[in-house]
Amino acid sequence: MPATDIFARESDLVIRVELAGVHPEDVDLTFSQGTLTVAGERHTELGGASEDSFFVRERPYGAFRRSISLPPGISESDISAEFIDGLAEITVAGGCSAEEQSRIELRHERREPSRRKLG
């Protein structure tokens, strides 16, 4: 799964997806039923296992998919995207507009550990 940053820029929601080594034509960006999906495939320029002997291989290759739920009321026309130097930046216009939030109380209950006697 590619590393992703999600943040607010004024009233817009900005999603940055790190796609170093991925060609833009190998990225598929879709929006359906309130969910934005970034999918694609990272190919390796190195030979297969029979050609190259790896000592360490930490960079992931192969298919990837990342899905992000967007706020209600977002339409496809609110979403724009650009790909610069291995970083996809997706902007959701109005995705962070100030809506009233309600706080939900988190109840805390402390329990003593149970003790059993052996023997």
# chains A, B, ... in the order shown; residues from 1 in each chain; ligands from 1
>>> residues_around(residues="Ser75 in chain A", least_positions_apart="4", cutoff="9 Å", atoms="only C-alpha atoms", output="number ranges by chain")
A: 31, 34, 79
>>> write_last_selection(atoms="C-alpha atoms", output="JSON list (two decimals), in the first residue's frame")
[["chain", "number", "residue", "atom", "x", "y", "z"],
["A", 31, "PHE", "CA", -14.42, 7.49, -7.66],
["A", 34, "GLY", "CA", -18.21, 8.16, -2.07],
["A", 79, "ILE", "CA", -11.95, 16.04, -7.63]]
>>> select_by_dssp(residues="range 1-101 of chain A", states="helix (DSSP H, G or I)", output="list in words")
Pro24, Glu25, Asp26, Glu76, Ser77 and Asp78 of chain A
>>> write_last_selection(atoms="N, CA, C and O atoms", output="compact mmCIF listing (two decimals), in the first residue's frame")
# COMPACT_ATOMS: atom_id res chain seq x y z
N PRO A 24 2.82 7.27 -14.56
CA PRO A 24 1.43 7.75 -14.47
C PRO A 24 0.43 6.86 -15.22
O PRO A 24 -0.70 6.68 -14.77
N GLU A 25 0.86 6.29 -16.33
CA GLU A 25 -0.06 5.44 -17.10
C GLU A 25 -0.35 4.11 -16.39
O GLU A 25 -1.28 3.38 -16.77
N ASP A 26 0.41 3.79 -15.34
CA ASP A 26 0.16 2.58 -14.55
C ASP A 26 -0.68 2.85 -13.31
O ASP A 26 -0.81 1.99 -12.44
N GLU A 76 -17.76 13.74 -8.62
CA GLU A 76 -16.55 13.59 -9.45
C GLU A 76 -16.00 14.94 -9.89
O GLU A 76 -14.79 15.13 -9.97
N SER A 77 -16.87 15.90 -10.13
CA SER A 77 -16.43 17.22 -10.59
C SER A 77 -15.68 18.00 -9.50
O SER A 77 -15.01 18.98 -9.80
N ASP A 78 -15.76 17.57 -8.25
CA ASP A 78 -15.05 18.22 -7.15
C ASP A 78 -13.60 17.72 -7.02
O ASP A 78 -12.84 18.25 -6.22
>>> select_by_dssp(residues="range 43-93 of chain A", states="strand (DSSP E)", output="list of chain:residue names")
A:Gly62, A:Ala63, A:Phe64, A:Arg65, A:Arg66, A:Ser67, A:Ile68, A:Ser69, A:Ile79, A:Ser80, A:Ala81, A:Glu82, A:Phe83, A:Ile84, A:Leu87, A:Ala88, A:Glu89, A:Ile90, A:Thr91, A:Val92
>>> write_last_selection(atoms="N, CA, C and O atoms", output="PDB file, in the first residue's frame")
ATOM      1  N   GLY A  62       4.708  -4.695  -7.672  1.00  0.00           N
ATOM      2  CA  GLY A  62       3.470  -5.397  -7.947  1.00  0.00           C
ATOM      3  C   GLY A  62       2.270  -4.476  -7.814  1.00  0.00           C
ATOM      4  O   GLY A  62       2.388  -3.248  -7.738  1.00  0.00           O
ATOM      5  N   ALA A  63       1.100  -5.071  -7.764  1.00  0.00           N
ATOM      6  CA  ALA A  63      -0.157  -4.325  -7.726  1.00  0.00           C
ATOM      7  C   ALA A  63      -0.365  -3.684  -6.353  1.00  0.00           C
ATOM      8  O   ALA A  63       0.056  -4.219  -5.332  1.00  0.00           O
ATOM      9  N   PHE A  64      -0.998  -2.509  -6.359  1.00  0.00           N
ATOM     10  CA  PHE A  64      -1.350  -1.829  -5.110  1.00  0.00           C
ATOM     11  C   PHE A  64      -2.739  -1.228  -5.256  1.00  0.00           C
ATOM     12  O   PHE A  64      -3.221  -0.999  -6.360  1.00  0.00           O
ATOM     13  N   ARG A  65      -3.378  -0.975  -4.114  1.00  0.00           N
ATOM     14  CA  ARG A  65      -4.713  -0.359  -4.090  1.00  0.00           C
ATOM     15  C   ARG A  65      -4.875   0.348  -2.758  1.00  0.00           C
ATOM     16  O   ARG A  65      -4.572  -0.192  -1.709  1.00  0.00           O
ATOM     17  N   ARG A  66      -5.375   1.573  -2.813  1.00  0.00           N
ATOM     18  CA  ARG A  66      -5.660   2.351  -1.600  1.00  0.00           C
ATOM     19  C   ARG A  66      -7.024   3.007  -1.800  1.00  0.00           C
ATOM     20  O   ARG A  66      -7.225   3.736  -2.770  1.00  0.00           O
ATOM     21  N   SER A  67      -7.967   2.760  -0.899  1.00  0.00           N
ATOM     22  CA  SER A  67      -9.304   3.341  -0.978  1.00  0.00           C
ATOM     23  C   SER A  67      -9.523   4.289   0.186  1.00  0.00           C
ATOM     24  O   SER A  67      -9.155   3.972   1.323  1.00  0.00           O
ATOM     25  N   ILE A  68     -10.125   5.440  -0.111  1.00  0.00           N
ATOM     26  CA  ILE A  68     -10.351   6.474   0.895  1.00  0.00           C
ATOM     27  C   ILE A  68     -11.801   6.925   0.797  1.00  0.00           C
ATOM     28  O   ILE A  68     -12.264   7.309  -0.282  1.00  0.00           O
ATOM     29  N   SER A  69     -12.513   6.879   1.920  1.00  0.00           N
ATOM     30  CA  SER A  69     -13.894   7.362   1.959  1.00  0.00           C
ATOM     31  C   SER A  69     -13.882   8.884   1.995  1.00  0.00           C
ATOM     32  O   SER A  69     -13.183   9.478   2.817  1.00  0.00           O
ATOM     33  N   ILE A  79     -13.243  16.702  -7.789  1.00  0.00           N
ATOM     34  CA  ILE A  79     -11.947  16.043  -7.627  1.00  0.00           C
ATOM     35  C   ILE A  79     -11.032  16.360  -8.804  1.00  0.00           C
ATOM     36  O   ILE A  79     -11.424  16.214  -9.961  1.00  0.00           O
ATOM     37  N   SER A  80      -9.810  16.794  -8.481  1.00  0.00           N
ATOM     38  CA  SER A  80      -8.785  16.995  -9.510  1.00  0.00           C
ATOM     39  C   SER A  80      -7.509  16.312  -9.039  1.00  0.00           C
ATOM     40  O   SER A  80      -7.298  16.117  -7.844  1.00  0.00           O
ATOM     41  N   ALA A  81      -6.655  15.938  -9.994  1.00  0.00           N
ATOM     42  CA  ALA A  81      -5.437  15.215  -9.631  1.00  0.00           C
ATOM     43  C   ALA A  81      -4.305  15.580 -10.574  1.00  0.00           C
ATOM     44  O   ALA A  81      -4.522  15.863 -11.751  1.00  0.00           O
ATOM     45  N   GLU A  82      -3.091  15.562 -10.006  1.00  0.00           N
ATOM     46  CA  GLU A  82      -1.900  15.758 -10.828  1.00  0.00           C
ATOM     47  C   GLU A  82      -0.803  14.833 -10.316  1.00  0.00           C
ATOM     48  O   GLU A  82      -0.812  14.407  -9.161  1.00  0.00           O
ATOM     49  N   PHE A  83       0.124  14.527 -11.197  1.00  0.00           N
ATOM     50  CA  PHE A  83       1.211  13.599 -10.897  1.00  0.00           C
ATOM     51  C   PHE A  83       2.517  14.315 -11.196  1.00  0.00           C
ATOM     52  O   PHE A  83       2.803  14.658 -12.333  1.00  0.00           O
ATOM     53  N   ILE A  84       3.316  14.569 -10.146  1.00  0.00           N
ATOM     54  CA  ILE A  84       4.577  15.292 -10.318  1.00  0.00           C
ATOM     55  C   ILE A  84       5.669  14.550  -9.551  1.00  0.00           C
ATOM     56  O   ILE A  84       5.557  14.358  -8.331  1.00  0.00           O
ATOM     57  N   LEU A  87       4.763  11.732  -7.147  1.00  0.00           N
ATOM     58  CA  LEU A  87       3.796  12.059  -6.105  1.00  0.00           C
ATOM     59  C   LEU A  87       2.469  12.430  -6.751  1.00  0.00           C
ATOM     60  O   LEU A  87       2.397  13.385  -7.534  1.00  0.00           O
ATOM     61  N   ALA A  88       1.421  11.662  -6.457  1.00  0.00           N
ATOM     62  CA  ALA A  88       0.084  11.997  -6.936  1.00  0.00           C
ATOM     63  C   ALA A  88      -0.570  12.894  -5.895  1.00  0.00           C
ATOM     64  O   ALA A  88      -0.595  12.555  -4.712  1.00  0.00           O
ATOM     65  N   GLU A  89      -1.031  14.065  -6.326  1.00  0.00           N
ATOM     66  CA  GLU A  89      -1.738  14.973  -5.419  1.00  0.00           C
ATOM     67  C   GLU A  89      -3.163  15.110  -5.918  1.00  0.00           C
ATOM     68  O   GLU A  89      -3.402  15.589  -7.018  1.00  0.00           O
ATOM     69  N   ILE A  90      -4.084  14.678  -5.082  1.00  0.00           N
ATOM     70  CA  ILE A  90      -5.516  14.699  -5.407  1.00  0.00           C
ATOM     71  C   ILE A  90      -6.166  15.747  -4.525  1.00  0.00           C
ATOM     72  O   ILE A  90      -6.009  15.715  -3.303  1.00  0.00           O
ATOM     73  N   THR A  91      -6.879  16.673  -5.144  1.00  0.00           N
ATOM     74  CA  THR A  91      -7.554  17.733  -4.396  1.00  0.00           C
ATOM     75  C   THR A  91      -9.055  17.536  -4.507  1.00  0.00           C
ATOM     76  O   THR A  91      -9.593  17.389  -5.603  1.00  0.00           O
ATOM     77  N   VAL A  92      -9.713  17.522  -3.352  1.00  0.00           N
ATOM     78  CA  VAL A  92     -11.165  17.402  -3.291  1.00  0.00           C
ATOM     79  C   VAL A  92     -11.696  18.772  -2.863  1.00  0.00           C
ATOM     80  O   VAL A  92     -11.588  19.149  -1.690  1.00  0.00           O
TER      81      VAL A  92
END
>>> closest_residue(among="A:Val27, A:Arg107, A:Gly21, A:Val38", to="Thr4 in chain A", atoms="only C-alpha atoms")
A:Val38
>>> atom_distance(atom1="CA of Gln33 in chain A", atom2="CA of Ala20 in chain A")
28.3 Å
>>> closest_residue(among="A:Val56, A:Val22, A:Val17, A:Cys96", to="Pro72 in chain A", atoms="only C-alpha atoms")
A:Cys96
>>> atom_distance(atom1="CA of Leu36 in chain A", atom2="CA of Ala3 in chain A")
15.4 Å
>>> atom_distance(atom1="CA of Gly94 in chain A", atom2="CA of Leu13 in chain A")
6.9 Å
>>> closest_residue(among="A:Ser97, A:Thr44, A:Thr37, A:Thr30", to="Arg9 in chain A", atoms="only C-alpha atoms")
A:Ser97
